[in-house]
>>> print(open('final.csv').read())   # CSV, C-alpha atoms
chain,number,residue,atom,x,y,z
F,1,MET,CA,-40.3,-21.2,48.7
F,2,PRO,CA,-42.4,-21.6,51.9
F,3,ARG,CA,-42.8,-18.5,54.1
F,4,ALA,CA,-41.3,-20.3,57.0
F,5,ALA,CA,-38.2,-21.1,54.9
F,6,VAL,CA,-37.9,-17.4,54.0
F,7,ALA,CA,-37.9,-16.5,57.7
F,8,ARG,CA,-35.2,-19.1,58.4
F,9,LEU,CA,-33.0,-17.5,55.8
F,10,ALA,CA,-33.3,-14.1,57.3
F,11,PHE,CA,-32.8,-15.3,60.8
F,12,PRO,CA,-30.3,-18.1,61.8
F,13,PRO,CA,-31.6,-21.1,63.7
F,14,LEU,CA,-30.5,-19.7,67.1
F,15,ASP,CA,-32.5,-16.5,66.5
F,16,CYS,CA,-35.5,-18.5,65.5
F,17,ALA,CA,-35.2,-20.7,68.6
F,18,LEU,CA,-35.0,-17.5,70.7
F,19,VAL,CA,-38.3,-16.2,69.2
F,20,LYS,CA,-40.0,-19.5,69.9
F,21,ALA,CA,-38.6,-19.5,73.5
F,22,ILE,CA,-40.1,-16.0,74.0
F,23,ALA,CA,-43.5,-17.2,72.8
F,24,CYS,CA,-43.4,-20.2,75.0
F,25,GLU,CA,-42.4,-18.1,78.0
F,26,ALA,CA,-45.3,-15.7,77.3
F,27,VAL,CA,-47.8,-18.6,77.3
F,28,HIS,CA,-46.3,-20.0,80.5
F,29,GLU,CA,-46.4,-16.6,82.3
F,30,THR,CA,-49.9,-15.5,81.2
F,31,ARG,CA,-51.5,-19.0,81.2
F,32,ARG,CA,-53.3,-18.0,78.0
F,33,PRO,CA,-53.2,-19.7,74.6
F,34,LEU,CA,-50.7,-18.2,72.1
F,35,SER,CA,-53.6,-17.3,69.9
F,36,ARG,CA,-54.6,-14.6,72.4
F,37,LEU,CA,-51.2,-13.0,72.4
F,38,SER,CA,-50.4,-10.2,69.9
F,39,PRO,CA,-47.6,-10.9,67.3
F,40,THR,CA,-46.7,-7.2,67.7
F,41,ASP,CA,-46.0,-7.6,71.4
F,42,LEU,CA,-43.9,-10.7,70.8
F,43,ALA,CA,-42.0,-8.9,68.0
F,44,GLN,CA,-41.2,-6.0,70.3
F,45,GLU,CA,-39.8,-8.4,73.0
F,46,ALA,CA,-38.0,-10.5,70.4
F,47,SER,CA,-36.4,-7.3,68.9
F,48,GLY,CA,-34.9,-6.4,72.2
F,49,ALA,CA,-33.6,-9.9,72.8
F,50,LEU,CA,-32.1,-10.2,69.3
F,51,GLY,CA,-30.6,-6.7,69.2
F,52,GLN,CA,-32.3,-6.1,65.8
F,53,SER,CA,-35.7,-5.4,64.5
F,54,ILE,CA,-38.0,-8.2,63.6
F,55,SER,CA,-41.5,-7.7,62.2
F,56,PRO,CA,-44.7,-9.2,63.7
F,57,SER,CA,-45.3,-11.1,60.4
F,58,THR,CA,-41.8,-12.6,60.6
F,59,VAL,CA,-42.4,-13.7,64.2
F,60,TRP,CA,-45.6,-15.4,63.0
F,61,ARG,CA,-43.9,-17.2,60.1
F,62,ILE,CA,-41.2,-18.5,62.5
F,63,LEU,CA,-43.8,-19.8,64.9
F,64,ASP,CA,-46.0,-21.2,62.1
F,65,GLY,CA,-43.0,-23.2,60.8
F,66,ASP,CA,-42.5,-25.0,64.1
F,67,ALA,CA,-43.7,-28.5,64.7
F,68,LEU,CA,-45.7,-27.5,67.8
F,69,LYS,CA,-48.5,-25.0,67.2
F,70,PRO,CA,-50.0,-24.2,70.6
F,71,TRP,CA,-52.6,-21.8,69.1
F,72,ARG,CA,-54.3,-24.7,67.3
F,73,TYR,CA,-56.6,-27.2,69.0
F,74,ASP,CA,-58.9,-30.1,68.0
F,75,CYS,CA,-62.0,-31.0,69.8
F,76,TRP,CA,-61.5,-34.4,71.4
F,77,ILE,CA,-63.8,-36.9,73.1
F,78,PHE,CA,-62.0,-38.7,75.9
F,79,PRO,CA,-63.2,-42.1,77.0
F,80,ARG,CA,-65.4,-41.9,80.2
F,81,ASP,CA,-67.1,-45.3,80.3
F,82,PRO,CA,-65.4,-47.6,82.8
F,83,GLN,CA,-66.2,-50.5,80.4
F,84,PHE,CA,-65.0,-48.5,77.3
F,85,ALA,CA,-62.6,-51.2,76.0
F,86,GLN,CA,-65.1,-54.0,76.4
F,87,LYS,CA,-68.0,-52.2,74.8
F,88,ALA,CA,-66.0,-50.5,72.0
F,89,GLY,CA,-64.3,-53.8,71.2
F,90,ARG,CA,-67.6,-55.5,70.8
F,91,VAL,CA,-68.8,-52.9,68.3
F,92,LEU,CA,-65.5,-53.0,66.4
F,93,ASP,CA,-65.6,-56.8,66.2
F,94,LEU,CA,-69.1,-56.5,64.6
F,95,TYR,CA,-67.8,-54.1,62.0
F,96,ALA,CA,-65.0,-56.6,61.3
F,97,GLY,CA,-67.5,-59.4,60.8
F,98,PHE,CA,-67.3,-61.2,64.2
F,99,TRP,CA,-69.6,-61.6,67.2
F,100,GLN,CA,-68.3,-63.2,70.3
F,101,GLY,CA,-65.3,-64.4,68.4
F,102,VAL,CA,-67.3,-66.2,65.8
F,103,PRO,CA,-67.6,-65.0,62.1
F,104,LEU,CA,-71.0,-63.6,61.1
F,105,GLY,CA,-73.1,-65.7,58.8
F,106,PRO,CA,-74.9,-64.8,55.6
F,107,GLY,CA,-78.1,-64.4,57.6
F,108,ASP,CA,-76.6,-61.8,59.9
F,109,HIS,CA,-77.0,-58.0,59.4
F,110,ILE,CA,-75.6,-54.9,61.1
F,111,ILE,CA,-77.7,-51.8,61.5
F,112,SER,CA,-76.2,-48.5,62.9
F,113,ALA,CA,-79.0,-46.2,64.1
F,114,ASP,CA,-79.5,-42.9,65.8
F,115,GLU,CA,-81.3,-39.5,65.6
F,116,LYS,CA,-80.2,-36.3,64.2
F,117,THR,CA,-82.1,-33.9,66.3
F,118,SER,CA,-83.5,-30.3,66.0
F,119,ILE,CA,-83.0,-29.7,62.3
F,120,GLN,CA,-84.4,-26.2,61.8
F,121,ALA,CA,-86.1,-24.7,58.9
F,122,ARG,CA,-84.5,-21.3,58.7
F,123,ILE,CA,-86.6,-19.0,56.6
F,124,ARG,CA,-84.3,-16.2,55.4
F,125,CYS,CA,-85.5,-12.6,55.6
F,126,HIS,CA,-84.3,-12.1,52.0
F,127,ALA,CA,-84.3,-14.6,49.2
F,128,SER,CA,-80.9,-16.2,48.6
F,129,LEU,CA,-79.1,-15.1,45.4
F,130,PRO,CA,-77.7,-17.9,43.2
F,131,PRO,CA,-74.0,-18.0,42.4
F,132,ALA,CA,-72.8,-15.9,39.5
F,133,PRO,CA,-69.4,-15.5,37.7
F,134,ARG,CA,-66.8,-14.6,40.3
F,135,ARG,CA,-69.4,-14.5,43.0
F,136,ALA,CA,-70.5,-17.2,45.5
F,137,MET,CA,-74.1,-17.9,46.4
F,138,ARG,CA,-75.3,-15.2,48.8
F,139,VAL,CA,-77.5,-16.3,51.8
F,140,GLU,CA,-79.1,-13.7,54.0
F,141,HIS,CA,-77.7,-13.8,57.6
F,142,GLU,CA,-81.0,-13.1,59.4
F,143,TYR,CA,-83.8,-15.6,59.4
F,144,GLU,CA,-87.1,-16.6,61.0
F,145,ARG,CA,-87.5,-19.9,62.7
F,146,GLY,CA,-89.9,-22.2,60.9
F,147,GLY,CA,-89.8,-25.0,63.4
F,148,ALA,CA,-87.6,-28.1,63.8
F,149,LEU,CA,-87.9,-31.8,63.1
F,150,GLN,CA,-85.9,-34.9,64.0
F,151,TYR,CA,-84.3,-37.2,61.4
F,152,LEU,CA,-84.1,-40.9,62.5
F,153,ALA,CA,-81.9,-43.1,60.3
F,154,ALA,CA,-80.7,-46.7,60.2
F,155,TRP,CA,-77.5,-47.4,58.3
F,156,ASP,CA,-76.9,-50.9,57.0
F,157,VAL,CA,-73.2,-51.3,57.7
F,158,GLN,CA,-72.6,-54.1,55.3
F,159,ARG,CA,-74.8,-53.0,52.3
F,160,GLY,CA,-74.3,-49.2,52.6
F,161,ILE,CA,-78.1,-48.5,52.5
F,162,VAL,CA,-79.8,-45.9,54.6
F,163,MET,CA,-83.4,-46.1,55.9
F,164,GLY,CA,-84.8,-43.0,57.6
F,165,ARG,CA,-87.9,-41.1,58.7
F,166,CYS,CA,-88.7,-37.7,60.0
F,167,GLU,CA,-90.5,-37.1,63.3
F,168,THR,CA,-91.7,-34.1,65.2
F,169,SER,CA,-89.9,-35.4,68.4
F,170,THR,CA,-87.6,-38.1,69.6
F,171,GLY,CA,-88.4,-40.8,72.1
F,172,ILE,CA,-89.1,-44.4,72.5
F,173,GLU,CA,-92.2,-44.4,70.2
F,174,PRO,CA,-90.6,-42.6,67.3
F,175,PHE,CA,-87.5,-44.8,67.5
F,176,GLY,CA,-89.8,-47.8,67.7
F,177,ARG,CA,-91.4,-46.7,64.4
F,178,LEU,CA,-87.9,-46.6,62.8
F,179,VAL,CA,-87.2,-50.1,64.1
F,180,THR,CA,-90.5,-51.3,62.6
F,181,ASP,CA,-89.8,-49.7,59.2
F,182,VAL,CA,-86.5,-51.6,59.0
F,183,MET,CA,-87.4,-54.9,60.6
F,184,GLU,CA,-90.6,-55.4,58.6
F,185,ARG,CA,-88.7,-55.4,55.3
F,186,GLU,CA,-86.3,-57.9,53.8
F,187,PRO,CA,-83.7,-59.1,54.5
F,188,TYR,CA,-84.1,-58.1,58.1
F,189,ARG,CA,-87.5,-59.6,58.7
F,190,THR,CA,-86.3,-63.1,58.0
F,191,GLY,CA,-82.6,-62.6,58.9
F,192,GLU,CA,-81.1,-64.9,61.5
F,193,ARG,CA,-79.7,-62.0,63.6
F,194,VAL,CA,-80.0,-58.3,63.1
F,195,PHE,CA,-77.5,-56.3,65.3
F,196,TRP,CA,-78.6,-52.8,66.1
F,197,VAL,CA,-75.6,-50.5,67.1
F,198,VAL,CA,-77.0,-47.6,69.1
F,199,ASP,CA,-75.6,-45.1,71.5
F,200,ASN,CA,-77.0,-44.3,75.0
F,201,GLY,CA,-79.6,-41.8,74.1
F,202,SER,CA,-82.8,-41.8,76.0
F,203,SER,CA,-84.7,-43.5,73.2
F,204,HIS,CA,-82.7,-46.7,73.3
F,205,ARG,CA,-80.6,-46.6,76.5
F,206,GLY,CA,-79.6,-49.6,78.6
F,207,GLU,CA,-80.8,-53.1,79.1
F,208,ALA,CA,-84.5,-52.0,79.3
F,209,ALA,CA,-84.3,-50.8,75.6
F,210,ALA,CA,-82.4,-53.9,74.6
F,211,ARG,CA,-85.1,-56.1,76.2
F,212,ARG,CA,-87.9,-54.0,74.7
F,213,LEU,CA,-86.5,-54.4,71.2
F,214,ARG,CA,-85.8,-58.1,71.7
F,215,GLU,CA,-89.4,-58.7,72.7
F,216,ALA,CA,-90.6,-56.9,69.6
F,217,TYR,CA,-88.3,-58.8,67.3
F,218,ALA,CA,-86.8,-62.1,68.4
F,219,ASN,CA,-83.9,-61.8,65.9
F,220,LEU,CA,-82.9,-58.3,67.0
F,221,ILE,CA,-79.8,-57.8,69.2
F,222,ALA,CA,-79.1,-54.3,70.6
F,223,VAL,CA,-75.4,-53.4,70.9
F,224,HIS,CA,-74.6,-50.2,72.8
F,225,THR,CA,-71.6,-48.1,72.2
F,226,PRO,CA,-69.7,-46.9,75.3
F,227,ILE,CA,-71.0,-43.9,77.1
F,228,HIS,CA,-69.8,-40.7,75.4
F,229,ALA,CA,-68.6,-42.6,72.3
F,230,SER,CA,-71.2,-42.0,69.6
F,231,TRP,CA,-68.3,-41.6,67.2
F,232,LEU,CA,-68.2,-45.4,67.1
F,233,ASN,CA,-71.6,-45.4,65.5
F,234,GLN,CA,-71.3,-45.4,61.7
F,235,VAL,CA,-74.6,-43.6,61.1
F,236,GLU,CA,-72.9,-40.5,62.5
F,237,ILE,CA,-70.8,-40.5,59.4
F,238,TYR,CA,-73.9,-40.4,57.3
F,239,PHE,CA,-75.3,-37.6,59.4
F,240,SER,CA,-72.1,-35.6,58.8
F,241,ILE,CA,-72.5,-36.0,55.1
F,242,VAL,CA,-76.2,-34.9,55.3
F,243,GLN,CA,-75.1,-31.8,57.3
F,244,ARG,CA,-72.7,-30.8,54.6
F,245,LYS,CA,-74.6,-31.8,51.4
F,246,VAL,CA,-78.2,-31.4,52.4
F,247,LEU,CA,-78.6,-28.9,55.3
F,248,THR,CA,-75.9,-26.4,54.4
F,249,PRO,CA,-76.7,-23.6,53.8
F,250,ASN,CA,-79.9,-23.9,55.9
F,251,ASP,CA,-82.4,-22.0,53.7
F,252,PHE,CA,-85.8,-23.7,53.7
F,253,ALA,CA,-89.3,-22.4,53.2
F,254,ASP,CA,-90.8,-24.7,55.8
F,255,LEU,CA,-90.3,-28.1,57.5
F,256,ALA,CA,-91.9,-29.9,54.6
F,257,GLU,CA,-89.0,-28.8,52.4
F,258,VAL,CA,-86.5,-30.0,55.0
F,259,GLU,CA,-88.1,-33.4,55.0
F,260,GLU,CA,-88.4,-33.6,51.3
F,261,ARG,CA,-84.7,-32.8,50.8
F,262,LEU,CA,-83.6,-35.3,53.5
F,263,LEU,CA,-85.6,-38.1,52.0
F,264,LEU,CA,-84.6,-37.3,48.5
F,265,TYR,CA,-80.9,-37.5,49.4
F,266,GLU,CA,-81.6,-40.8,51.1
F,267,THR,CA,-83.2,-42.1,47.9
F,268,LEU,CA,-80.2,-40.8,45.8
F,269,SER,CA,-77.7,-42.4,48.2
F,270,ASN,CA,-79.5,-45.8,47.9
F,271,HIS,CA,-79.2,-45.8,44.1
F,272,GLN,CA,-75.5,-46.5,44.4
F,273,PRO,CA,-75.1,-47.9,47.9
F,274,HIS,CA,-71.5,-48.1,49.2
F,275,PRO,CA,-70.5,-49.1,52.7
F,276,PHE,CA,-68.1,-46.9,54.7
F,277,GLU,CA,-64.5,-47.9,54.7
F,278,TRP,CA,-64.3,-48.2,58.4
F,279,GLN,CA,-60.6,-48.3,59.5
F,280,PHE,CA,-60.7,-48.0,63.3
F,281,THR,CA,-60.1,-51.6,64.3
F,282,ARG,CA,-59.7,-53.4,67.6
F,283,THR,CA,-55.9,-53.2,67.1
F,284,LYS,CA,-56.1,-49.4,66.8
F,285,LEU,CA,-58.3,-49.3,69.8
F,286,GLU,CA,-55.8,-51.1,71.9
F,287,ALA,CA,-53.0,-48.8,70.7
F,288,LEU,CA,-55.2,-45.8,71.6
F,289,LEU,CA,-55.9,-47.1,75.1
F,290,LYS,CA,-52.1,-47.6,75.6
F,291,ARG,CA,-51.4,-44.0,74.6
F,292,LEU,CA,-54.1,-42.7,76.9
F,293,ALA,CA,-52.7,-44.8,79.8
F,294,VAL,CA,-49.3,-43.3,79.3
F,295,HIS,CA,-50.8,-39.8,79.1
F,296,ASP,CA,-52.8,-40.3,82.3
F,297,ALA,CA,-49.7,-41.6,84.1
F,298,LEU,CA,-47.7,-38.5,83.1
F,299,VAL,CA,-50.6,-36.2,84.2
F,300,GLN,CA,-50.7,-37.9,87.6
F,301,ARG,CA,-47.0,-37.5,88.1
F,302,GLN,CA,-47.1,-33.7,87.5
F,303,PRO,CA,-46.9,-31.7,90.7
F,304,THR,CA,-50.1,-29.8,91.6
F,305,ALA,CA,-50.1,-26.1,92.2
F,306,ALA,CA,-49.9,-25.0,95.8
>>> encode(input="final.csv", output="structure tokens")
Amino acid sequence: MPRAAVARLAFPPLDCALVKAIACEAVHETRRPLSRLSPTDLAQEASGALGQSISPSTVWRILDGDALKPWRYDCWIFPRDPQFAQKAGRVLDLYAGFWQGVPLGPGDHIISADEKTSIQARIRCHASLPPAPRRAMRVEHEYERGGALQYLAAWDVQRGIVMGRCETSTGIEPFGRLVTDVMEREPYRTGERVFWVVDNGSSHRGEAAARRLREAYANLIAVHTPIHASWLNQVEIYFSIVQRKVLTPNDFADLAEVEERLLLYETLSNHQPHPFEWQFTRTKLEALLKRLAVHDALVQRQPTAA
């Protein structure tokens, strides 16, 4: 039986509601998250209101069983680009196989590109111990810095193939070298159109970057994600996989080992390419924007503190 159910059996619904009300009042009065309040303090106040003793662990179980959990939070990226809907819709249409309302042809390709910056080589002060029976791998907490490199990658959205390179720094020239690596190989060199989805980083920001790339390759079309919306760039999914499977734990002898491991994983990934199952569509985008509009309207209606 779940712990929250045990707490409900010991205390009737009205008592549980009273405990939740005390917790909510404490948050309102202190203006602090519930996670900063002590269950012991809440239990003492609840015991006085209930007329019977209640333990801190029971208070916690009651609160943990509620639908609202104000001590939890998720990091969220709110849209800030005034043209967010237009720019995001264009990217999502590409992922769905359309450009300006017309289906893509067999000669069209979609590349999602970006940089994963400042990948450190952390040289541990003691050699890591391999895992053993009933013991996880042990990695020394302290380390020396062995420098950092930048990993530039281009993800083929339709084929699920990644093409990357390591650089000592980011910038227009390193990104240009990545573009050259990709565009000089087939099927992109002779493709009818190659759409490059990029964010607004300094290496490929704005119309100037789009013009520069178009002058280098006539079949290249740069498509920018909205400002502060790199999560719409599919290569970020690949970077998150790399972070988990390649760079964690960070225990490298030098930058050469970092580069070797990055490129080895890239090669292994391309042995069995598989596109991401992208599910955030234009329809879901419109639903999100409607929810945000309702939220903004409610915030504006709230009275401001004097």
>>> residues_around(input="final.csv", residues="Pro174 of chain F", least_positions_apart="6", cutoff="10 Å", atoms="all atoms listed in the file", output="PyMOL selection string")
chain F and resi 115+150+152+165-168+180+203
>>> residues_around(input="final.csv", residues="Ala253 of chain F", least_positions_apart="4", cutoff="8 Å", atoms="all atoms listed in the file", output="PyMOL selection string")
chain F and resi 121-123+146+257
>>> residues_around(input="final.csv", residues="Pro249 of chain F", least_positions_apart="2", cutoff="10 Å", atoms="only C-alpha atoms", output="number ranges by chain")
F: 122, 128, 137-139, 243-247, 251-252
>>> atom_distance(input="final.csv", atom1="atom CA of Arg32 of chain F", atom2="atom CA of Cys75 of chain F")
17.7 Å
>>> atom_distance(input="final.csv", atom1="atom CA of Arg31 of chain F", atom2="atom CA of His295 of chain F")
20.9 Å
>>> atom_distance(input="final.csv", atom1="atom CA of Ala229 of chain F", atom2="atom CA of Phe276 of chain F")
18.1 Å
>>> closest_residue(input="final.csv", among="F:His126, F:Asn233, F:Gln44, F:Arg282", to="Glu140 of chain F", atoms="all atoms listed in the file")
F:His126
>>> residues_near_point(input="final.csv", point="(-48.7, -13.6, 77.5)", cutoff="12 Å", atoms="only C-alpha atoms", output="list of chain:residue names")
F:Ile22, F:Ala23, F:Cys24, F:Glu25, F:Ala26, F:Val27, F:His28, F:Glu29, F:Thr30, F:Arg31, F:Arg32, F:Pro33, F:Leu34, F:Ser35, F:Arg36, F:Leu37, F:Ser38, F:Pro39, F:Thr40, F:Asp41, F:Leu42, F:Glu45
>>> write_last_selection(input="final.csv", atoms="C-alpha atoms", output="mmCIF file, in the frame of the given file")
data_model
loop_
_atom_site.group_PDB
_atom_site.id
_atom_site.type_symbol
_atom_site.label_atom_id
_atom_site.label_comp_id
_atom_site.auth_asym_id
_atom_site.auth_seq_id
_atom_site.Cartn_x
_atom_site.Cartn_y
_atom_site.Cartn_z
ATOM 1 C CA ILE F 22 -40.100 -16.000 74.000
ATOM 2 C CA ALA F 23 -43.500 -17.200 72.800
ATOM 3 C CA CYS F 24 -43.400 -20.200 75.000
ATOM 4 C CA GLU F 25 -42.400 -18.100 78.000
ATOM 5 C CA ALA F 26 -45.300 -15.700 77.300
ATOM 6 C CA VAL F 27 -47.800 -18.600 77.300
ATOM 7 C CA HIS F 28 -46.300 -20.000 80.500
ATOM 8 C CA GLU F 29 -46.400 -16.600 82.300
ATOM 9 C CA THR F 30 -49.900 -15.500 81.200
ATOM 10 C CA ARG F 31 -51.500 -19.000 81.200
ATOM 11 C CA ARG F 32 -53.300 -18.000 78.000
ATOM 12 C CA PRO F 33 -53.200 -19.700 74.600
ATOM 13 C CA LEU F 34 -50.700 -18.200 72.100
ATOM 14 C CA SER F 35 -53.600 -17.300 69.900
ATOM 15 C CA ARG F 36 -54.600 -14.600 72.400
ATOM 16 C CA LEU F 37 -51.200 -13.000 72.400
ATOM 17 C CA SER F 38 -50.400 -10.200 69.900
ATOM 18 C CA PRO F 39 -47.600 -10.900 67.300
ATOM 19 C CA THR F 40 -46.700 -7.200 67.700
ATOM 20 C CA ASP F 41 -46.000 -7.600 71.400
ATOM 21 C CA LEU F 42 -43.900 -10.700 70.800
ATOM 22 C CA GLU F 45 -39.800 -8.400 73.000
#
>>> decode(input="final.csv", residues="segment 70-89 of chain F", atoms="C-alpha atoms", output="tab-separated table (two decimals), in the first residue's frame")
chain	number	residue	atom	x	y	z
F	70	PRO	CA	4.92	23.19	-4.50
F	71	TRP	CA	8.38	22.05	-3.37
F	72	ARG	CA	9.05	20.66	-6.82
F	73	TYR	CA	9.95	22.69	-9.87
F	74	ASP	CA	11.01	22.21	-13.49
F	75	CYS	CA	13.29	24.51	-15.43
F	76	TRP	CA	11.28	26.12	-18.19
F	77	ILE	CA	12.14	28.25	-21.22
F	78	PHE	CA	9.47	30.84	-21.86
F	79	PRO	CA	9.12	32.22	-25.42
F	80	ARG	CA	10.74	35.64	-25.72
F	81	ASP	CA	10.97	36.16	-29.45
F	82	PRO	CA	8.22	38.51	-30.73
F	83	GLN	CA	8.09	36.33	-33.87
F	84	PHE	CA	8.19	33.07	-31.93
F	85	ALA	CA	5.09	31.52	-33.54
F	86	GLN	CA	6.21	32.32	-37.08
F	87	LYS	CA	9.80	31.13	-36.67
F	88	ALA	CA	8.92	28.03	-34.65
F	89	GLY	CA	6.16	27.09	-37.07
